[in-house]
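Next comes entry26.cif, a file with mmCIF, C-alpha atoms.
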data_upload
loop_
_atom_site.label_atom_id
_atom_site.label_comp_id
_atom_site.auth_asym_id
_atom_site.auth_seq_id
_atom_site.Cartn_x
_atom_site.Cartn_y
_atom_site.Cartn_z
CA MET A 3 0.03 10.83 4.07
CA PRO A 4 -0.35 7.33 5.54
CA LYS A 5 1.92 4.63 4.16
CA LEU A 6 0.29 2.73 1.29
CA HIS A 7 -0.36 -0.98 1.63
CA TRP A 8 -1.71 -3.68 -0.67
CA GLU A 9 -5.29 -2.92 0.43
CA ASP A 10 -4.99 0.62 -0.97
CA PHE A 11 -4.67 -0.53 -4.58
CA LYS A 12 -7.84 -1.50 -6.45
CA PRO A 13 -8.20 -2.93 -9.96
CA GLY A 14 -8.95 -0.18 -12.45
CA GLN A 15 -7.41 2.55 -10.29
CA VAL A 16 -5.46 5.08 -12.39
CA THR A 17 -2.92 7.54 -10.96
CA GLU A 18 -0.74 10.06 -12.77
CA TYR A 19 2.75 11.25 -11.84
CA GLY A 20 5.05 13.93 -13.19
CA PRO A 21 5.70 15.85 -15.32
CA ARG A 22 9.46 15.32 -15.41
CA LEU A 23 11.79 17.09 -17.81
CA VAL A 24 14.40 14.92 -19.54
CA THR A 25 17.54 16.78 -20.61
CA ARG A 26 20.04 16.14 -23.39
CA ASP A 27 22.83 15.97 -20.81
CA GLU A 28 21.20 13.20 -18.83
CA ILE A 29 20.34 11.23 -22.01
CA ILE A 30 23.99 11.32 -23.07
CA ALA A 31 25.31 10.64 -19.55
CA PHE A 32 23.12 7.55 -19.18
CA ALA A 33 24.02 6.26 -22.64
CA THR A 34 27.72 6.85 -22.02
CA GLU A 35 27.56 4.72 -18.89
CA PHE A 36 25.13 1.95 -19.83
CA ASP A 37 24.09 1.91 -23.50
CA PRO A 38 26.70 3.66 -25.68
CA GLN A 39 25.02 2.96 -29.01
CA PRO A 40 25.62 5.91 -31.37
CA MET A 41 21.93 6.86 -31.70
CA HIS A 42 21.80 7.57 -27.97
CA LEU A 43 24.97 9.69 -27.99
CA ASP A 44 25.03 11.73 -31.15
CA GLU A 45 22.47 13.77 -33.12
CA ALA A 46 23.71 12.74 -36.58
CA ALA A 47 23.86 9.07 -35.65
CA GLY A 48 20.36 9.39 -34.20
CA ARG A 49 19.06 10.91 -37.44
CA ALA A 50 20.58 8.04 -39.43
CA SER A 51 18.86 5.48 -37.19
CA LEU A 52 15.28 4.19 -36.87
CA LEU A 53 14.88 6.78 -34.07
CA LYS A 54 15.20 9.65 -36.62
CA GLY A 55 17.11 11.82 -34.15
CA LEU A 56 18.93 11.67 -30.83
CA ALA A 57 16.80 9.72 -28.37
CA ALA A 58 17.23 8.20 -24.94
CA SER A 59 18.14 4.56 -24.50
CA GLY A 60 15.00 2.57 -23.81
CA TRP A 61 16.70 1.45 -20.60
CA HIS A 62 17.03 5.06 -19.59
CA SER A 63 13.28 5.46 -20.12
CA CYS A 64 12.76 2.47 -17.82
CA CYS A 65 15.01 4.01 -15.16
CA ILE A 66 13.21 7.36 -15.37
CA LEU A 67 9.90 5.53 -15.03
CA ILE A 68 11.12 3.70 -11.92
CA ARG A 69 12.33 6.92 -10.36
CA MET A 70 8.94 8.55 -11.05
CA ILE A 71 7.24 5.58 -9.36
CA CYS A 72 9.60 5.81 -6.38
CA ASP A 73 8.87 9.50 -5.93
CA GLY A 74 5.19 9.07 -6.79
CA PHE A 75 4.26 6.40 -4.26
CA LEU A 76 6.73 3.58 -3.81
CA LEU A 77 8.90 5.25 -1.16
CA ASN A 78 5.75 5.89 0.85
CA SER A 79 4.53 2.31 0.61
CA ALA A 80 5.04 -1.14 2.10
CA SER A 81 6.68 -2.23 -1.18
CA MET A 82 8.55 -5.52 -0.99
CA GLY A 83 10.01 -5.15 -4.47
CA ALA A 84 9.35 -6.99 -7.69
CA ASN A 85 10.79 -10.16 -9.17
CA ALA A 86 9.83 -9.76 -12.81
CA ILE A 87 8.88 -7.51 -15.67
CA ASP A 88 6.16 -9.03 -17.78
CA GLU A 89 6.65 -6.80 -20.81
CA VAL A 90 8.10 -3.51 -22.00
CA LYS A 91 7.20 -1.82 -25.29
CA TRP A 92 9.17 1.16 -26.56
CA LEU A 93 6.65 2.90 -28.82
CA SER A 94 8.08 6.32 -29.66
CA PRO A 95 11.41 8.06 -29.02
CA LEU A 96 12.13 9.93 -25.78
CA ARG A 97 13.79 13.16 -26.96
CA PRO A 98 15.94 15.78 -25.23
CA GLY A 99 13.63 18.39 -23.71
CA ASP A 100 10.62 16.09 -23.47
CA SER A 101 8.52 16.50 -20.36
CA VAL A 102 7.02 13.14 -19.49
CA THR A 103 4.10 12.08 -17.35
CA LEU A 104 3.38 8.61 -16.06
CA ARG A 105 0.00 6.90 -15.86
CA ALA A 106 -0.17 3.91 -13.52
CA THR A 107 -3.13 1.55 -13.89
CA VAL A 108 -3.80 -1.27 -11.45
CA ARG A 109 -4.64 -4.24 -13.64
CA GLU A 110 -5.09 -6.92 -10.96
CA THR A 111 -4.48 -7.52 -7.26
CA ARG A 112 -4.33 -10.77 -5.35
CA ALA A 113 -3.17 -12.03 -2.00
CA SER A 114 -0.02 -14.12 -1.94
CA LYS A 115 -0.68 -17.84 -1.70
CA SER A 116 2.45 -18.42 0.36
CA ARG A 117 2.79 -15.26 2.48
CA PRO A 118 -0.20 -13.90 4.42
CA ASP A 119 1.66 -10.62 4.99
CA MET A 120 2.03 -9.92 1.26
CA GLY A 121 -0.11 -9.17 -1.76
CA LEU A 122 0.60 -8.79 -5.46
CA ILE A 123 -0.35 -5.82 -7.60
CA HIS A 124 -0.07 -5.96 -11.37
CA PHE A 125 0.64 -2.49 -12.72
CA HIS A 126 0.42 -1.26 -16.29
CA TYR A 127 2.49 1.91 -16.73
CA GLU A 128 2.31 4.31 -19.66
CA MET A 129 4.90 7.05 -20.13
CA MET A 130 3.45 9.92 -22.14
CA SER A 131 5.19 12.87 -23.79
CA GLN A 132 4.00 16.47 -23.51
CA ASN A 133 2.39 15.90 -26.95
CA GLY A 134 0.28 13.02 -25.72
CA GLU A 135 2.37 10.39 -27.46
CA CYS A 136 2.91 7.13 -25.63
CA ILE A 137 6.69 6.70 -25.30
CA MET A 138 6.59 3.33 -23.57
CA THR A 139 4.47 0.87 -21.64
CA LEU A 140 5.69 -1.40 -18.88
CA ASP A 141 3.84 -4.22 -17.15
CA THR A 142 5.14 -5.54 -13.86
CA PRO A 143 3.86 -7.36 -10.78
CA MET A 144 4.80 -5.74 -7.46
CA MET A 145 4.96 -7.37 -4.07
CA MET A 146 3.38 -5.18 -1.38
CA GLY A 147 2.90 -5.59 2.35
CA ARG A 148 -0.66 -6.00 3.62
CA ARG A 149 -1.97 -3.68 6.29
CA SER A 150 -3.97 -6.57 7.70
CA PRO A 151 -2.18 -9.85 7.05
CA GLY A 152 -4.73 -12.52 6.27
CA ALA A 153 -5.18 -15.91 4.74
CA ALA A 154 -4.52 -16.47 1.07
CA SER A 155 -7.47 -15.52 -1.11
CA MET B 4 36.79 -8.42 -36.43
CA PRO B 5 34.18 -7.94 -39.18
CA LYS B 6 30.97 -6.18 -38.21
CA LEU B 7 28.26 -8.63 -37.21
CA HIS B 8 25.04 -8.80 -39.22
CA TRP B 9 21.80 -10.72 -38.89
CA GLU B 10 23.23 -13.62 -40.91
CA ASP B 11 25.90 -14.19 -38.25
CA PHE B 12 23.39 -15.21 -35.57
CA LYS B 13 22.06 -18.77 -35.65
CA PRO B 14 19.39 -20.34 -33.42
CA GLY B 15 20.98 -22.27 -30.57
CA GLN B 16 24.20 -20.24 -30.68
CA VAL B 17 25.53 -19.47 -27.17
CA THR B 18 28.12 -16.80 -26.38
CA GLU B 19 29.53 -15.72 -23.03
CA TYR B 20 30.66 -12.25 -21.97
CA GLY B 21 32.40 -10.92 -18.90
CA PRO B 22 33.25 -11.30 -16.10
CA ARG B 23 32.40 -7.85 -14.77
CA LEU B 24 32.88 -6.81 -11.14
CA VAL B 25 29.99 -4.93 -9.54
CA THR B 26 31.00 -2.64 -6.68
CA ARG B 27 29.10 -1.37 -3.65
CA ASP B 28 29.73 2.21 -4.76
CA GLU B 29 28.09 1.71 -8.14
CA ILE B 30 25.12 -0.16 -6.61
CA ILE B 31 24.48 2.76 -4.26
CA ALA B 32 25.13 5.40 -6.94
CA PHE B 33 22.62 3.81 -9.32
CA ALA B 34 19.99 3.36 -6.60
CA THR B 35 20.45 6.95 -5.43
CA GLU B 36 19.75 8.22 -8.93
CA PHE B 37 17.06 5.85 -10.20
CA ASP B 38 15.68 3.46 -7.57
CA PRO B 39 16.20 4.83 -4.05
CA GLN B 40 14.38 2.05 -2.22
CA PRO B 41 16.11 1.43 1.12
CA MET B 42 17.15 -2.17 0.34
CA HIS B 43 19.30 -0.87 -2.53
CA LEU B 44 20.97 1.85 -0.43
CA ASP B 45 21.58 0.49 3.02
CA GLU B 46 22.89 -2.79 4.44
CA ALA B 47 20.49 -2.92 7.41
CA ALA B 48 17.47 -2.13 5.24
CA GLY B 49 18.63 -4.78 2.79
CA ARG B 50 18.87 -7.38 5.58
CA ALA B 51 15.33 -6.53 6.69
CA SER B 52 14.01 -7.01 3.13
CA LEU B 53 13.28 -10.05 0.98
CA LEU B 54 16.76 -9.53 -0.50
CA LYS B 55 18.39 -10.48 2.87
CA GLY B 56 21.18 -7.93 2.42
CA LEU B 57 22.18 -4.94 0.32
CA ALA B 58 21.55 -5.77 -3.32
CA ALA B 59 21.46 -3.90 -6.61
CA SER B 60 18.21 -2.60 -8.04
CA GLY B 61 16.93 -5.04 -10.64
CA TRP B 62 17.03 -2.12 -13.07
CA HIS B 63 20.72 -1.73 -12.36
CA SER B 64 21.20 -5.40 -13.23
CA CYS B 65 19.41 -4.72 -16.53
CA CYS B 66 21.67 -1.74 -17.26
CA ILE B 67 24.81 -3.74 -16.46
CA LEU B 68 23.56 -6.49 -18.76
CA ILE B 69 23.00 -4.00 -21.59
CA ARG B 70 26.47 -2.54 -21.15
CA MET B 71 27.97 -6.04 -21.25
CA ILE B 72 26.06 -6.69 -24.50
CA CYS B 73 27.25 -3.37 -25.96
CA ASP B 74 30.87 -4.18 -25.16
CA GLY B 75 30.45 -7.84 -26.06
CA PHE B 76 29.08 -7.49 -29.59
CA LEU B 77 26.46 -4.80 -30.11
CA LEU B 78 28.85 -1.90 -30.79
CA ASN B 79 30.50 -4.05 -33.47
CA SER B 80 27.23 -4.99 -35.14
CA ALA B 81 24.62 -3.65 -37.53
CA SER B 82 22.19 -3.35 -34.59
CA MET B 83 19.10 -1.28 -35.31
CA GLY B 84 17.93 -1.34 -31.71
CA ALA B 85 15.03 -3.06 -30.01
CA ASN B 86 11.42 -2.08 -29.49
CA ALA B 87 10.43 -4.41 -26.67
CA ILE B 88 11.44 -6.60 -23.79
CA ASP B 89 9.46 -9.80 -23.69
CA GLU B 90 10.28 -10.71 -20.10
CA VAL B 91 12.70 -10.14 -17.24
CA LYS B 92 13.03 -12.39 -14.20
CA TRP B 93 15.08 -11.33 -11.19
CA LEU B 94 16.01 -14.66 -9.62
CA SER B 95 18.70 -13.98 -7.02
CA PRO B 96 20.24 -10.82 -5.56
CA LEU B 97 23.17 -9.04 -7.23
CA ARG B 98 25.53 -8.25 -4.32
CA PRO B 99 28.41 -5.82 -3.89
CA GLY B 100 31.60 -7.55 -5.01
CA ASP B 101 29.84 -10.02 -7.31
CA SER B 102 31.62 -10.75 -10.55
CA VAL B 103 29.02 -11.50 -13.18
CA THR B 104 29.13 -13.25 -16.52
CA LEU B 105 26.53 -13.12 -19.24
CA ARG B 106 25.33 -16.00 -21.41
CA ALA B 107 23.53 -14.98 -24.61
CA THR B 108 21.51 -17.64 -26.39
CA VAL B 109 19.94 -17.05 -29.80
CA ARG B 110 16.42 -18.45 -29.50
CA GLU B 111 15.07 -17.59 -32.94
CA THR B 112 15.92 -15.53 -36.01
CA ARG B 113 13.70 -14.36 -38.82
CA ALA B 114 13.75 -11.87 -41.66
CA SER B 115 11.58 -8.80 -41.28
CA LYS B 116 8.32 -9.01 -43.21
CA SER B 117 8.34 -5.27 -43.93
CA ARG B 118 12.04 -4.40 -44.31
CA PRO B 119 14.32 -6.48 -46.56
CA ASP B 120 17.37 -4.81 -45.00
CA MET B 121 16.51 -6.01 -41.48
CA GLY B 122 16.20 -9.21 -39.53
CA LEU B 123 15.02 -10.05 -36.02
CA ILE B 124 16.99 -12.01 -33.45
CA HIS B 125 15.33 -13.23 -30.26
CA PHE B 126 17.91 -13.40 -27.49
CA HIS B 127 17.67 -15.10 -24.11
CA TYR B 128 20.21 -13.65 -21.70
CA GLU B 129 21.27 -15.17 -18.37
CA MET B 130 23.36 -13.20 -15.90
CA MET B 131 25.34 -15.56 -13.65
CA SER B 132 27.24 -14.86 -10.44
CA GLN B 133 30.75 -16.13 -9.72
CA ASN B 134 29.03 -18.90 -7.72
CA GLY B 135 27.06 -20.11 -10.72
CA GLU B 136 23.76 -18.67 -9.47
CA CYS B 137 21.46 -17.18 -12.07
CA ILE B 138 20.86 -13.57 -11.04
CA MET B 139 18.47 -12.71 -13.84
CA THR B 140 17.17 -13.67 -17.25
CA LEU B 141 16.06 -11.28 -19.96
CA ASP B 142 14.32 -12.07 -23.24
CA THR B 143 14.30 -9.47 -25.98
CA PRO B 144 13.96 -9.28 -29.76
CA MET B 145 16.67 -7.26 -31.50
CA MET B 146 16.50 -5.63 -34.90
CA MET B 147 19.69 -6.20 -36.89
CA GLY B 148 20.84 -5.13 -40.34
CA ARG B 149 21.27 -7.87 -42.96
CA ARG B 150 24.57 -8.22 -44.79
CA SER B 151 22.65 -9.25 -47.88
CA PRO B 152 19.22 -7.60 -47.95
CA GLY B 153 16.70 -10.01 -49.41
CA ALA B 154 13.05 -10.81 -49.58
CA ALA B 155 11.10 -11.63 -46.45
CA SER B 156 11.41 -15.26 -45.48
#

Translate this file's structure into structure tokens.
Amino acid sequence: MPKLHWEDFKPGQVTEYGPRLVTRDEIIAFATEFDPQPMHLDEAAGRASLLKGLAASGWHSCCILIRMICDGFLLNSASMGANAIDEVKWLSPLRPGDSVTLRATVRETRASKSRPDMGLIHFHYEMMSQNGECIMTLDTPMMMGRRSPGAAS
Amino acid sequence: MPKLHWEDFKPGQVTEYGPRLVTRDEIIAFATEFDPQPMHLDEAAGRASLLKGLAASGWHSCCILIRMICDGFLLNSASMGANAIDEVKWLSPLRPGDSVTLRATVRETRASKSRPDMGLIHFHYEMMSQNGECIMTLDTPMMMGRRSPGAAS
């Protein structure tokens, strides 16, 4: 598959990635390292929390999303990284045993004003559970190399 | 130290946490698991990128920040979690060997309209390097238990 460049992403384009199984062990391992709040470590503490049961740290959900993007297209692209997240919403708990899919929607693309070799792509990501629930959304602008560097547009 | 509640956080309050050393091994371990883009794994690829050298995934910076918050105050608080990130800006690279500090500023607090036992605290976090450079900022609203549940205000 040819390497993806800025020109390959069009507003309105929707792509799906996954599914990916999320295990109890990895939820607890992540929380132990980065977000050791009781509701991410222990079933009883989870039940007593707003999450109503053991659930992954929202930051773990973000990291799983990024890995799904990497495997889905980013590692086969002219990605130049990102310098911001516009917004994240954690909408429903990510539970042990969930199998998640990712829907990536291109919201907007534009050429960089300062760098003719670069374009920007605004993505809206939705992580969905096997039950069709939206676990989280994430909006972020990505910097991507242009196949045909041109003037700012 | 008594457990922190919503009433203990006042707009304008600034608290610092850290320092915390970030090693090359942990940068590469995180990237290998969650964000295996070459500039987070390899010195030469990092030099060829906008980061101008090996640097941590921005998501790793977020996870380090969350762990510093957990250790700094969250695990000794009536935290009820968070359901959103309003914004993240990655401003300068987080390098192997950097020793980072975290500045937490309370931007706004308000009682929950729906839950008398809960309040909201809007935090602005700045992660600084040992050289005084701002590596990232993160804005997020946190849900926190009230010491004295009351009517919405």

Contact set, chain A to chain B: 7 Å, only C-alpha atoms, as a list in words: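 Putting it all together, I get Phe36, Asp37, Gln39, Leu52, Trp61, Cys65, Ile66, Ile68, Arg69, Cys72, Leu77, Met82, Asn85, Ala86, Ile87, Asp88, Glu89, Val90, Lys91, Trp92 and Leu93 of chain A.
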
Least-squares superpose chain A onto chain B - every C-alpha atom, paired in order - and show me the moved coordinates as a short mmCIF file (atom, residue, chain, number, x, y, z; two decimals) with C-alpha atoms, keeping the file's coordinate frame.
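part25.cif, freshly written:
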data_model
loop_
_atom_site.label_atom_id
_atom_site.label_comp_id
_atom_site.auth_asym_id
_atom_site.auth_seq_id
_atom_site.Cartn_x
_atom_site.Cartn_y
_atom_site.Cartn_z
CA MET A 3 36.79 -8.44 -36.42
CA PRO A 4 34.19 -7.92 -39.17
CA LYS A 5 30.98 -6.17 -38.20
CA LEU A 6 28.26 -8.63 -37.20
CA HIS A 7 25.05 -8.79 -39.20
CA TRP A 8 21.79 -10.71 -38.89
CA GLU A 9 23.23 -13.62 -40.91
CA ASP A 10 25.90 -14.18 -38.23
CA PHE A 11 23.40 -15.22 -35.56
CA LYS A 12 22.05 -18.78 -35.63
CA PRO A 13 19.39 -20.37 -33.42
CA GLY A 14 20.99 -22.26 -30.57
CA GLN A 15 24.21 -20.23 -30.68
CA VAL A 16 25.53 -19.48 -27.17
CA THR A 17 28.12 -16.79 -26.39
CA GLU A 18 29.52 -15.71 -23.03
CA TYR A 19 30.67 -12.25 -21.97
CA GLY A 20 32.39 -10.90 -18.88
CA PRO A 21 33.26 -11.30 -16.10
CA ARG A 22 32.41 -7.85 -14.76
CA LEU A 23 32.88 -6.81 -11.15
CA VAL A 24 29.99 -4.92 -9.55
CA THR A 25 30.99 -2.62 -6.69
CA ARG A 26 29.10 -1.37 -3.65
CA ASP A 27 29.71 2.21 -4.77
CA GLU A 28 28.10 1.73 -8.15
CA ILE A 29 25.12 -0.15 -6.62
CA ILE A 30 24.47 2.77 -4.27
CA ALA A 31 25.11 5.42 -6.94
CA PHE A 32 22.62 3.81 -9.33
CA ALA A 33 20.00 3.38 -6.61
CA THR A 34 20.46 6.96 -5.44
CA GLU A 35 19.76 8.22 -8.94
CA PHE A 36 17.07 5.86 -10.21
CA ASP A 37 15.68 3.46 -7.59
CA PRO A 38 16.19 4.85 -4.06
CA GLN A 39 14.39 2.06 -2.23
CA PRO A 40 16.11 1.43 1.13
CA MET A 41 17.17 -2.15 0.33
CA HIS A 42 19.30 -0.86 -2.54
CA LEU A 43 20.95 1.86 -0.44
CA ASP A 44 21.57 0.50 3.01
CA GLU A 45 22.89 -2.78 4.45
CA ALA A 46 20.47 -2.93 7.40
CA ALA A 47 17.47 -2.12 5.24
CA GLY A 48 18.64 -4.78 2.79
CA ARG A 49 18.87 -7.37 5.57
CA ALA A 50 15.32 -6.53 6.69
CA SER A 51 14.01 -7.01 3.14
CA LEU A 52 13.27 -10.06 0.96
CA LEU A 53 16.78 -9.53 -0.50
CA LYS A 54 18.37 -10.48 2.88
CA GLY A 55 21.16 -7.94 2.43
CA LEU A 56 22.17 -4.95 0.33
CA ALA A 57 21.54 -5.77 -3.32
CA ALA A 58 21.46 -3.90 -6.60
CA SER A 59 18.23 -2.60 -8.05
CA GLY A 60 16.95 -5.04 -10.64
CA TRP A 61 17.04 -2.12 -13.08
CA HIS A 62 20.71 -1.72 -12.36
CA SER A 63 21.20 -5.40 -13.24
CA CYS A 64 19.41 -4.72 -16.53
CA CYS A 65 21.67 -1.74 -17.25
CA ILE A 66 24.81 -3.75 -16.46
CA LEU A 67 23.56 -6.49 -18.77
CA ILE A 68 23.00 -4.00 -21.59
CA ARG A 69 26.46 -2.54 -21.14
CA MET A 70 27.97 -6.05 -21.26
CA ILE A 71 26.07 -6.70 -24.50
CA CYS A 72 27.25 -3.38 -25.96
CA ASP A 73 30.86 -4.18 -25.16
CA GLY A 74 30.45 -7.85 -26.06
CA PHE A 75 29.09 -7.48 -29.58
CA LEU A 76 26.47 -4.81 -30.10
CA LEU A 77 28.85 -1.92 -30.79
CA ASN A 78 30.50 -4.07 -33.45
CA SER A 79 27.24 -4.98 -35.14
CA ALA A 80 24.62 -3.65 -37.54
CA SER A 81 22.19 -3.35 -34.60
CA MET A 82 19.09 -1.29 -35.32
CA GLY A 83 17.93 -1.36 -31.71
CA ALA A 84 15.04 -3.08 -30.02
CA ASN A 85 11.43 -2.08 -29.48
CA ALA A 86 10.45 -4.43 -26.67
CA ILE A 87 11.46 -6.61 -23.78
CA ASP A 88 9.48 -9.80 -23.70
CA GLU A 89 10.28 -10.73 -20.11
CA VAL A 90 12.70 -10.14 -17.25
CA LYS A 91 13.03 -12.40 -14.20
CA TRP A 92 15.09 -11.34 -11.20
CA LEU A 93 16.01 -14.68 -9.63
CA SER A 94 18.68 -13.98 -7.02
CA PRO A 95 20.24 -10.83 -5.55
CA LEU A 96 23.16 -9.04 -7.22
CA ARG A 97 25.51 -8.26 -4.32
CA PRO A 98 28.40 -5.82 -3.88
CA GLY A 99 31.59 -7.55 -5.02
CA ASP A 100 29.84 -10.02 -7.31
CA SER A 101 31.62 -10.75 -10.55
CA VAL A 102 29.02 -11.51 -13.19
CA THR A 103 29.15 -13.25 -16.53
CA LEU A 104 26.54 -13.12 -19.26
CA ARG A 105 25.35 -15.99 -21.42
CA ALA A 106 23.55 -14.98 -24.61
CA THR A 107 21.50 -17.64 -26.40
CA VAL A 108 19.94 -17.07 -29.80
CA ARG A 109 16.43 -18.45 -29.49
CA GLU A 110 15.07 -17.59 -32.95
CA THR A 111 15.93 -15.53 -36.02
CA ARG A 112 13.69 -14.37 -38.83
CA ALA A 113 13.76 -11.88 -41.65
CA SER A 114 11.59 -8.80 -41.29
CA LYS A 115 8.34 -9.01 -43.22
CA SER A 116 8.35 -5.28 -43.93
CA ARG A 117 12.04 -4.40 -44.31
CA PRO A 118 14.31 -6.48 -46.56
CA ASP A 119 17.38 -4.82 -45.01
CA MET A 120 16.52 -6.01 -41.49
CA GLY A 121 16.20 -9.22 -39.52
CA LEU A 122 15.03 -10.06 -36.02
CA ILE A 123 16.99 -12.02 -33.44
CA HIS A 124 15.35 -13.23 -30.26
CA PHE A 125 17.94 -13.40 -27.49
CA HIS A 126 17.68 -15.11 -24.12
CA TYR A 127 20.22 -13.65 -21.69
CA GLU A 128 21.28 -15.16 -18.38
CA MET A 129 23.38 -13.20 -15.89
CA MET A 130 25.34 -15.56 -13.66
CA SER A 131 27.24 -14.86 -10.44
CA GLN A 132 30.75 -16.13 -9.72
CA ASN A 133 29.01 -18.91 -7.72
CA GLY A 134 27.05 -20.12 -10.71
CA GLU A 135 23.77 -18.68 -9.48
CA CYS A 136 21.46 -17.20 -12.07
CA ILE A 137 20.87 -13.57 -11.03
CA MET A 138 18.47 -12.70 -13.84
CA THR A 139 17.17 -13.68 -17.25
CA LEU A 140 16.07 -11.29 -19.96
CA ASP A 141 14.33 -12.07 -23.23
CA THR A 142 14.30 -9.48 -25.98
CA PRO A 143 13.96 -9.29 -29.76
CA MET A 144 16.67 -7.25 -31.50
CA MET A 145 16.50 -5.64 -34.90
CA MET A 146 19.70 -6.21 -36.89
CA GLY A 147 20.83 -5.14 -40.34
CA ARG A 148 21.27 -7.87 -42.96
CA ARG A 149 24.56 -8.21 -44.77
CA SER A 150 22.64 -9.24 -47.87
CA PRO A 151 19.23 -7.59 -47.92
CA GLY A 152 16.70 -10.01 -49.33
CA ALA A 153 13.03 -10.75 -49.57
CA ALA A 154 11.02 -11.55 -46.48
CA SER A 155 11.29 -15.18 -45.46
#

Output of the PyMOL selection byres ((chain A and resi 15) around 6), listed as an MDAnalysis selection string: chainID A and resid 12:14 16 107:108

Residues matched by the PyMOL selection byres ((chain B and resi 120) around 9) as a ChimeraX atom specification: /B:114-115,118-119,121-122,147-154

Selection: 8 Å around region 99-102 of chain B, all atoms listed in the file, excl. self and same-chain fewer than 6 positions, as a VMD selection string: chain B and resid 22 to 27 30 57 to 59 132 to 133
